[in-house]
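S.K.: Submitted below is the structure of interest, expressed as C-alpha cells.
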Amino acid sequence: MYQDGDLILGGLFEVHFLTVFPELSFTSEPEQPYCEQFDMASFQQAQTMAFAIDEINRNPKLLPNITLGYHMYDNCVKLAVAFRAAMALLSGTDEATSTVDCTGSPPVIGIVGDPGSTHSIAISSVLGLFRVPMILKRFSWTWVGLVYSDDDYGIHAAHAFHQDVQVQLSGCVAYSEMLPRDNNRKDVRRIVEAIETSTARVVVVISTEAYLLPLMDEVALRNVTGRQWIASEAWATSPVFLTPRLLPYLGGTLGIAIRRGEIQGLQDFLLRLQPDSHPKNNMVRNFWEEMFGCTFDSGSIQADGEGEKKVCTGEEKLRNTETAYTDISELRASYNVYKAVYALAHALHDLTTCEEGKGPFNGHICASLGNIQPWQVVDYLQKVNFTTGFGDHVSFDKDGNALAIYDVMNWQPNPDGSIKVHTVGMVDEASQADYVLTLNEDTLFWNFESKKVNHFSA
C-alpha cells in the first residue's frame, strides 16, 4: 500500500496470519512466498497510519509545505518476510525502478512497526521497557515464578525481568521456565509441575498467546488454582483465554496492556476506503475481497468454474459491515501506530526548521533537506515532546526509549461465567515519580477466598 510524498514513511504490519513458501525445484528461479488468512485488526492499524499521515498533511502548523507519503508492507507474521520488507523500505528498492537512470522510489526515513516484538527486536535491536515489576512492588510481591516464550520477545524481557526483580524489589525468582517452541506436551507438563509445586504463588508470564495456549490447557487439566497470574502486554487482553473454563484459574489476572486511546475522525476515514487498480495497492484489494467475499479477477471465476464467488465492483458499502476493521472501541495497537506517526512527524518538523549554525550535528550544522538520513531523524526523535488529542503525553528518555504508557488490566468474572478485562490503572513514565503507577485497588477482583492475594515473599 503506498502514497507518494516529499518524505516517505515505511510501515510493516501483520496483515496476513500465514506465509506460504513455494516448493523449490532448483531448476528455475524460486517464486516469492505469498500470504494467506487476512487479519482485519492489523489492516486497521495500517489504515490508521494512512489516516495519521493524511491528518498531518492537512495540518498547516505541522510540516508546512511538505507532503508525507507512505510505503506499507505485509510481514505475514514471518521474520524472513519482515526482514525482506524492511530492507526494501530502507534501500528504496522495488520493481518499479527505472531502467534508464536506475532510480526508483526514495528510501524511507523511518519505519512504523513491526508490531511483533520478535521482529522489531531483530530489525532494530531495541527492546521496549517492561513494567511488570512496578505492579509487583506495589503489592510487595518479592518471591515470584517466571515463564517466558522461546523467542526474542520472551528471552530479552526475561533477562531484564531478572535484573529488575533483584534491583527494584530486592526479590528472587523462584523458577524460570521457557515455553517450548513445538508445544511439546512433556515440557509443558514439567513447567506446570514447577508452577504447582513451588511456594511462589505469583506467576509472571512473558509470552504471546500462541505459546501460552498449551500451558493454560494443562493448568486447567491439572486444576492448578491459587495462583496470581501476571500477564505481559502480548496476552493481557487476548480473547482466547476469556472463557468460563479458564475463569477458576485466570480470574484476577493482572497485566499490562498497550494504552487504549481514541482517535477523532478515524472511523469515517476507515469507512471511506475504496479499492483501486494500482499494483502497489494490492493490500487494499485483498482486504476488499476478504471483506465482501468477492474477487476482482473475473477471469479466474470462469476458468475455475466457481460461479458462487461474485465479482467485486468496488462499490460495496463498508458502512454495512461489522468487523475488527471497523471496530474502534478498543484502539490499542492502532493508537500506538497513530502516536508513532506523529512522533516521526514532529521529529521531521524540528529537523526541517533547523536554523543554520544552530544544528545538532558536528559543527552545529543542520541536516540537508535533499538528503535526510534516518540517523538524523533518530537524533530529533529522541527530543520529541507532544500531547495527543486524547491527552496522552509522548516523549523519550535520555537513551532514546519512548516513555512507557500502559493500561493496567484486571480479569474479572462476567455474569455468564466468562472473563471480562477491566482497566484498573495506568503506568505513565512521563508522570512525576510518585504517580508513575496509578491503581484503583477498590475495583480489583482477587481470585482467592480472602478476596486478596497474600504478600508472598521468600
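Ordering of the C-alpha cells sets the chain letters (A, B, ...); residue numbers start at 1 within each chain; ligands are numbered from 1 in the order shown.
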Give me the residues near range 337-349 of chain A as a PyMOL selection string, where near means some atom within 10 Å (using only C-alpha atoms) and where sequence neighbours in that chain fewer than 4 positions away do not count.

M.R.: chain A and resi 7+9-11+45-53+55-57+61-64+66+68+109-113+115+261+263+331-333+353-354+372+376-388+392-396+402

S.K.: Just C-alpha atoms for this one: save the residues we selected as a PDB file, in the first residue's frame.

M.R.:
ATOM      1  CA  LEU A   7       9.216  12.429   2.523  1.00  0.00           C
ATOM      2  CA  LEU A   9       7.489   6.778   5.960  1.00  0.00           C
ATOM      3  CA  GLY A  10       7.539   2.992   5.895  1.00  0.00           C
ATOM      4  CA  GLY A  11       5.111   0.648   7.612  1.00  0.00           C
ATOM      5  CA  GLN A  45      -3.510  -0.475  12.074  1.00  0.00           C
ATOM      6  CA  ALA A  46      -2.150   0.056   8.562  1.00  0.00           C
ATOM      7  CA  GLN A  47      -5.086   2.312   7.718  1.00  0.00           C
ATOM      8  CA  THR A  48      -4.554   4.217  10.958  1.00  0.00           C
ATOM      9  CA  MET A  49      -1.061   5.053   9.731  1.00  0.00           C
ATOM     10  CA  ALA A  50      -2.566   6.303   6.468  1.00  0.00           C
ATOM     11  CA  PHE A  51      -5.112   8.344   8.448  1.00  0.00           C
ATOM     12  CA  ALA A  52      -2.428   9.946  10.635  1.00  0.00           C
ATOM     13  CA  ILE A  53      -0.385  10.921   7.577  1.00  0.00           C
ATOM     14  CA  GLU A  55      -4.273  14.343   9.029  1.00  0.00           C
ATOM     15  CA  ILE A  56      -0.705  15.677   9.258  1.00  0.00           C
ATOM     16  CA  ASN A  57      -0.702  16.679   5.595  1.00  0.00           C
ATOM     17  CA  LYS A  61       1.222  24.003  11.539  1.00  0.00           C
ATOM     18  CA  LEU A  62       2.999  20.656  11.230  1.00  0.00           C
ATOM     19  CA  LEU A  63       5.446  20.127   8.344  1.00  0.00           C
ATOM     20  CA  PRO A  64       4.061  23.025   6.257  1.00  0.00           C
ATOM     21  CA  ILE A  66       5.991  19.204   2.954  1.00  0.00           C
ATOM     22  CA  LEU A  68       4.327  12.943   3.777  1.00  0.00           C
ATOM     23  CA  ILE A 109      13.355   7.836   6.549  1.00  0.00           C
ATOM     24  CA  GLY A 110      11.526   5.980   9.306  1.00  0.00           C
ATOM     25  CA  ILE A 111       9.582   2.741   9.778  1.00  0.00           C
ATOM     26  CA  VAL A 112       6.443   2.314  11.864  1.00  0.00           C
ATOM     27  CA  GLY A 113       6.281  -1.267  13.181  1.00  0.00           C
ATOM     28  CA  PRO A 115       4.088  -4.924  15.529  1.00  0.00           C
ATOM     29  CA  GLY A 261      -6.917   5.686  23.109  1.00  0.00           C
ATOM     30  CA  ILE A 263      -8.782   8.984  17.543  1.00  0.00           C
ATOM     31  CA  LEU A 331      -7.927   1.211  19.978  1.00  0.00           C
ATOM     32  CA  ARG A 332      -4.664  -0.025  21.451  1.00  0.00           C
ATOM     33  CA  ALA A 333      -2.237  -1.167  18.743  1.00  0.00           C
ATOM     34  CA  THR A 353      13.012  24.035  10.615  1.00  0.00           C
ATOM     35  CA  CYS A 354      16.617  23.856  11.865  1.00  0.00           C
ATOM     36  CA  ILE A 372      17.836  13.385   5.076  1.00  0.00           C
ATOM     37  CA  GLN A 376      19.498  12.249  11.729  1.00  0.00           C
ATOM     38  CA  VAL A 377      15.772  11.691  12.243  1.00  0.00           C
ATOM     39  CA  VAL A 378      16.553   9.500  15.270  1.00  0.00           C
ATOM     40  CA  ASP A 379      18.534  12.369  16.826  1.00  0.00           C
ATOM     41  CA  TYR A 380      15.479  14.623  16.614  1.00  0.00           C
ATOM     42  CA  LEU A 381      13.084  11.808  17.578  1.00  0.00           C
ATOM     43  CA  GLN A 382      14.784  11.474  20.963  1.00  0.00           C
ATOM     44  CA  LYS A 383      13.832  15.094  21.722  1.00  0.00           C
ATOM     45  CA  VAL A 384      10.194  14.865  20.645  1.00  0.00           C
ATOM     46  CA  ASN A 385       7.680  16.120  23.196  1.00  0.00           C
ATOM     47  CA  PHE A 386       3.960  16.472  22.370  1.00  0.00           C
ATOM     48  CA  THR A 387       0.459  15.653  23.614  1.00  0.00           C
ATOM     49  CA  THR A 388      -2.109  13.688  21.599  1.00  0.00           C
ATOM     50  CA  ASP A 392      -1.526  11.412  26.335  1.00  0.00           C
ATOM     51  CA  HIS A 393       1.988  12.811  26.582  1.00  0.00           C
ATOM     52  CA  VAL A 394       4.591  11.412  24.161  1.00  0.00           C
ATOM     53  CA  SER A 395       8.317  11.869  24.837  1.00  0.00           C
ATOM     54  CA  PHE A 396      11.570   9.909  25.098  1.00  0.00           C
ATOM     55  CA  ALA A 402       9.797   6.082  24.483  1.00  0.00           C
TER      56      ALA A 402
END

S.K.: Residues of range 229-356 of chain A in strand (DSSP E or B) according to DSSP, as a list in words?

M.R.: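 Here are the strand (DSSP E or B) residues of range 229-356 of chain A: Trp229, Ile230, Ala231, Leu254, Gly255, Ile256, Ala257, Ile258, Gly261, Cys294, Thr295, Lys310, Val311 and Leu331 of chain A.
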
S.K.: Store the residues picked out above in a file with N, CA, C and O atoms, as a PDB file, in the first residue's frame.

M.R.:
ATOM      1  N   TRP A 229      -1.708 -14.685  38.492  1.00  0.00           N
ATOM      2  CA  TRP A 229      -1.033 -14.581  37.205  1.00  0.00           C
ATOM      3  C   TRP A 229      -0.794 -13.117  36.848  1.00  0.00           C
ATOM      4  O   TRP A 229      -1.660 -12.261  37.045  1.00  0.00           O
ATOM      5  N   ILE A 230       0.379 -12.840  36.321  1.00  0.00           N
ATOM      6  CA  ILE A 230       0.744 -11.503  35.853  1.00  0.00           C
ATOM      7  C   ILE A 230       1.049 -11.609  34.364  1.00  0.00           C
ATOM      8  O   ILE A 230       1.934 -12.372  33.948  1.00  0.00           O
ATOM      9  N   ALA A 231       0.318 -10.859  33.548  1.00  0.00           N
ATOM     10  CA  ALA A 231       0.398 -11.001  32.088  1.00  0.00           C
ATOM     11  C   ALA A 231       1.191  -9.869  31.454  1.00  0.00           C
ATOM     12  O   ALA A 231       0.985  -8.696  31.783  1.00  0.00           O
ATOM     13  N   LEU A 254      -3.615  -9.950  36.629  1.00  0.00           N
ATOM     14  CA  LEU A 254      -3.224  -8.562  36.433  1.00  0.00           C
ATOM     15  C   LEU A 254      -2.270  -8.495  35.261  1.00  0.00           C
ATOM     16  O   LEU A 254      -1.432  -9.399  35.082  1.00  0.00           O
ATOM     17  N   GLY A 255      -2.379  -7.461  34.458  1.00  0.00           N
ATOM     18  CA  GLY A 255      -1.495  -7.369  33.296  1.00  0.00           C
ATOM     19  C   GLY A 255      -1.310  -5.955  32.817  1.00  0.00           C
ATOM     20  O   GLY A 255      -2.022  -5.029  33.222  1.00  0.00           O
ATOM     21  N   ILE A 256      -0.324  -5.826  31.963  1.00  0.00           N
ATOM     22  CA  ILE A 256      -0.018  -4.554  31.321  1.00  0.00           C
ATOM     23  C   ILE A 256      -0.514  -4.630  29.882  1.00  0.00           C
ATOM     24  O   ILE A 256      -0.259  -5.611  29.182  1.00  0.00           O
ATOM     25  N   ALA A 257      -1.232  -3.607  29.436  1.00  0.00           N
ATOM     26  CA  ALA A 257      -1.734  -3.585  28.057  1.00  0.00           C
ATOM     27  C   ALA A 257      -1.354  -2.275  27.391  1.00  0.00           C
ATOM     28  O   ALA A 257      -1.209  -1.241  28.057  1.00  0.00           O
ATOM     29  N   ILE A 258      -1.177  -2.335  26.091  1.00  0.00           N
ATOM     30  CA  ILE A 258      -0.950  -1.108  25.330  1.00  0.00           C
ATOM     31  C   ILE A 258      -2.074  -0.125  25.648  1.00  0.00           C
ATOM     32  O   ILE A 258      -3.238  -0.494  25.728  1.00  0.00           O
ATOM     33  N   GLY A 261      -6.716   4.285  23.440  1.00  0.00           N
ATOM     34  CA  GLY A 261      -6.917   5.686  23.109  1.00  0.00           C
ATOM     35  C   GLY A 261      -8.113   5.892  22.201  1.00  0.00           C
ATOM     36  O   GLY A 261      -8.775   4.934  21.787  1.00  0.00           O
ATOM     37  N   CYS A 294     -15.718 -11.509  -2.449  1.00  0.00           N
ATOM     38  CA  CYS A 294     -15.772 -11.381  -3.908  1.00  0.00           C
ATOM     39  C   CYS A 294     -14.346 -11.397  -4.455  1.00  0.00           C
ATOM     40  O   CYS A 294     -13.387 -11.557  -3.712  1.00  0.00           O
ATOM     41  N   THR A 295     -14.210 -11.252  -5.759  1.00  0.00           N
ATOM     42  CA  THR A 295     -12.891 -11.225  -6.379  1.00  0.00           C
ATOM     43  C   THR A 295     -12.864 -10.183  -7.492  1.00  0.00           C
ATOM     44  O   THR A 295     -13.880  -9.944  -8.164  1.00  0.00           O
ATOM     45  N   LYS A 310     -18.753 -13.956  -6.293  1.00  0.00           N
ATOM     46  CA  LYS A 310     -19.136 -12.840  -7.156  1.00  0.00           C
ATOM     47  C   LYS A 310     -17.944 -11.952  -7.486  1.00  0.00           C
ATOM     48  O   LYS A 310     -16.905 -11.987  -6.827  1.00  0.00           O
ATOM     49  N   VAL A 311     -18.114 -11.124  -8.499  1.00  0.00           N
ATOM     50  CA  VAL A 311     -17.082 -10.176  -8.906  1.00  0.00           C
ATOM     51  C   VAL A 311     -17.206  -8.908  -8.063  1.00  0.00           C
ATOM     52  O   VAL A 311     -18.310  -8.389  -7.863  1.00  0.00           O
ATOM     53  N   LEU A 331      -9.103   0.853  20.780  1.00  0.00           N
ATOM     54  CA  LEU A 331      -7.927   1.211  19.978  1.00  0.00           C
ATOM     55  C   LEU A 331      -6.674   1.163  20.850  1.00  0.00           C
ATOM     56  O   LEU A 331      -6.416   2.069  21.649  1.00  0.00           O
TER      57      LEU A 331
END

S.K.: Between CA of Asn336 in chain A and CA of Ser368 in chain A, what is the spacing in Å?

M.R.: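 So the answer is 29.4 Å.
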
S.K.: Taking only C-alpha atoms into account, which of A:Ala430, A:Met40, A:Leu215, A:Val408 comes nearest Ile135 in chain A?

M.R.: A:Val408

S.K.: Which is closer to Ile419 in chain A than all the others in A:Asn286, A:Thr243, A:Thr313, A:Gln168, using only C-alpha atoms?

M.R.: A:Thr243

S.K.: Report the residues of range 362-414 of chain A whose backbone DSSP state falls under alpha helix (DSSP H), written as an mmCIF file with N, CA, C and O atoms, in the first residue's frame.

M.R.:
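Written output follows (out_37.cif):
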data_model
loop_
_atom_site.group_PDB
_atom_site.id
_atom_site.type_symbol
_atom_site.label_atom_id
_atom_site.label_comp_id
_atom_site.auth_asym_id
_atom_site.auth_seq_id
_atom_site.Cartn_x
_atom_site.Cartn_y
_atom_site.Cartn_z
ATOM 1 N N PRO A 374 18.204 8.554 8.002
ATOM 2 C CA PRO A 374 17.435 8.051 9.144
ATOM 3 C C PRO A 374 18.084 8.338 10.493
ATOM 4 O O PRO A 374 17.387 8.645 11.467
ATOM 5 N N TRP A 375 19.427 8.265 10.582
ATOM 6 C CA TRP A 375 20.078 8.501 11.871
ATOM 7 C C TRP A 375 19.898 9.946 12.325
ATOM 8 O O TRP A 375 19.878 10.230 13.528
ATOM 9 N N GLN A 376 19.751 10.859 11.366
ATOM 10 C CA GLN A 376 19.498 12.249 11.729
ATOM 11 C C GLN A 376 18.085 12.417 12.293
ATOM 12 O O GLN A 376 17.865 13.189 13.224
ATOM 13 N N VAL A 377 17.142 11.661 11.729
ATOM 14 C CA VAL A 377 15.772 11.691 12.243
ATOM 15 C C VAL A 377 15.732 11.154 13.673
ATOM 16 O O VAL A 377 15.042 11.697 14.543
ATOM 17 N N VAL A 378 16.502 10.092 13.926
ATOM 18 C CA VAL A 378 16.553 9.500 15.270
ATOM 19 C C VAL A 378 17.022 10.532 16.291
ATOM 20 O O VAL A 378 16.497 10.617 17.410
ATOM 21 N N ASP A 379 18.022 11.345 15.922
ATOM 22 C CA ASP A 379 18.534 12.369 16.826
ATOM 23 C C ASP A 379 17.423 13.324 17.249
ATOM 24 O O ASP A 379 17.303 13.682 18.422
ATOM 25 N N TYR A 380 16.592 13.725 16.301
ATOM 26 C CA TYR A 380 15.479 14.623 16.614
ATOM 27 C C TYR A 380 14.343 13.878 17.322
ATOM 28 O O TYR A 380 13.634 14.452 18.158
ATOM 29 N N LEU A 381 14.157 12.600 16.983
ATOM 30 C CA LEU A 381 13.084 11.808 17.578
ATOM 31 C C LEU A 381 13.261 11.696 19.090
ATOM 32 O O LEU A 381 12.291 11.712 19.849
#
